[in-house]
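Structure first, then comments.
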Amino acid sequence: MEISDVRKKLLETIDRARRTTSDRRARVDAAERDYEIFLNRVAAPLFRQVANVLRAEHYPFSVSTPGGSVRLMSDRSSQDYIELGLDTSGSVPQVLGRTSRGRGRRIMESERPVREDVPVGDLTEGDVLAFLCQELEPFVEK
């Protein structure tokens, strides 16, 4: 194979990788801006409302906002919580929900998107509430 062909292919690969990285950075930056708005205007207020309703129903939960996330935590056990955070590790940034539940000595953890393939800026209160209700079932079942 000619060196000029090898060089041409390699330069195309380098250029494509740079464009992909640049595009990804732009998507992540936009998602981080959208996430900050989502966190302050949608997720945190809704988590507080859910905590208030749970408290009124004798399920003591508190809300905290540790570094770029929002967490609904049981007042009975620090191992029991539901948390939302921004995941930028994939090709498309998304809001990821993490749930941790203690059962005796075992801790069961799960992680899933609030809504699959939905941009951060398009998530609604309804999406977050549906996620919370589904994840809260094991905490409130008797």
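The way I read the labels, and the way they are meant: chains A, B, ... in the order of the structure tokens, residue 1 as the first residue of every chain, and ligand 1 as the first ligand shown, with later ones counted on from there.
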Among stretch 23-139 of chain A, which residues does DSSP mark as strand (DSSP E) when it is run on the backbone? Keep the chain and numbering as in the structure and answer as a ChimeraX atom specification.
/A:61-64,70-74,81-87,94-103,106-113
Using only C-alpha atoms, I'd like a table of the residues in stretch 31-118 of chain A that come within 9 Å of stretch 8-27 of chain A; for each, show the closest atom pair and its distance in Å rounded to one decimal, ordered by chain and ascending number, as a tab-separated table.
```
residue	atom	partner	partner_atom	distance
A:Ala31	CA	A:Arg27	CA	6.0
A:Glu32	CA	A:Arg27	CA	8.6
A:Ser91	CA	A:Arg24	CA	7.2
A:Val92	CA	A:Arg27	CA	7.5
A:Pro93	CA	A:Arg27	CA	7.4
```
Looking at A:Asp87, A:Glu57, A:Asp5, A:Glu141, which one is nearest to A:Val28, with distances taken over only C-alpha atoms?
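Answer, going by the shortest atom-to-atom distance: A:Asp87.
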For stretch 119-134 of chain A: contacts at 9 Å, only C-alpha atoms, fewer than 4 positions along chain excluded, given as a list in words:
Ala31, Glu32, Arg33, Asp34, Tyr35, Ile37, Phe38, Val42, Ala43, Leu46, Phe47, Val50, Ile82, Leu86, Val92, Pro93, Gln94, Val95, Gly97, Pro113, Val114, Arg115 and Pro138 of chain A
Calculate how many Å separate atom CA of A:Thr65 from atom CA of A:Gln79, rounding to one decimal.
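Answer for the atom CA of A:Thr65 to atom CA of A:Gln79 separation: 16.2 Å.
As for atom CA of A:Ser78 and atom CA of A:Gln49, they are spaced 19.8 Å apart.
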So how far away is atom CA of A:Arg103 from atom CA of A:Leu72, in Å?
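A separation of 17.7 Å between them.
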As an MDAnalysis selection string, please: all residues of stretch 6-136 of chain A that backbone DSSP puts in helix (DSSP H, G or I).
chainID A and resid 6:56 120:122 125:136
I'd like the contact shell of A:Phe139 - 10 Å cut-off, only C-alpha atoms, skipping same-chain residues fewer than 3 positions apart - returned as a PDB file with C-alpha atoms, in the first residue's frame.
```pdb
ATOM      1  CA  TYR A  59     -42.671   7.469  56.096  1.00  0.00           C
ATOM      2  CA  SER A  74     -34.965   7.635  54.523  1.00  0.00           C
ATOM      3  CA  ASP A  80     -32.089   3.782  51.777  1.00  0.00           C
ATOM      4  CA  TYR A  81     -32.254   6.506  49.162  1.00  0.00           C
ATOM      5  CA  ARG A 101     -31.993  -0.182  49.671  1.00  0.00           C
ATOM      6  CA  GLY A 102     -30.693  -2.010  52.707  1.00  0.00           C
ATOM      7  CA  GLU A 135     -38.635   3.285  42.854  1.00  0.00           C
ATOM      8  CA  LEU A 136     -40.483   4.049  46.120  1.00  0.00           C
ATOM      9  CA  LYS A 142     -45.667  -3.506  54.158  1.00  0.00           C
TER      10      LYS A 142
END
```
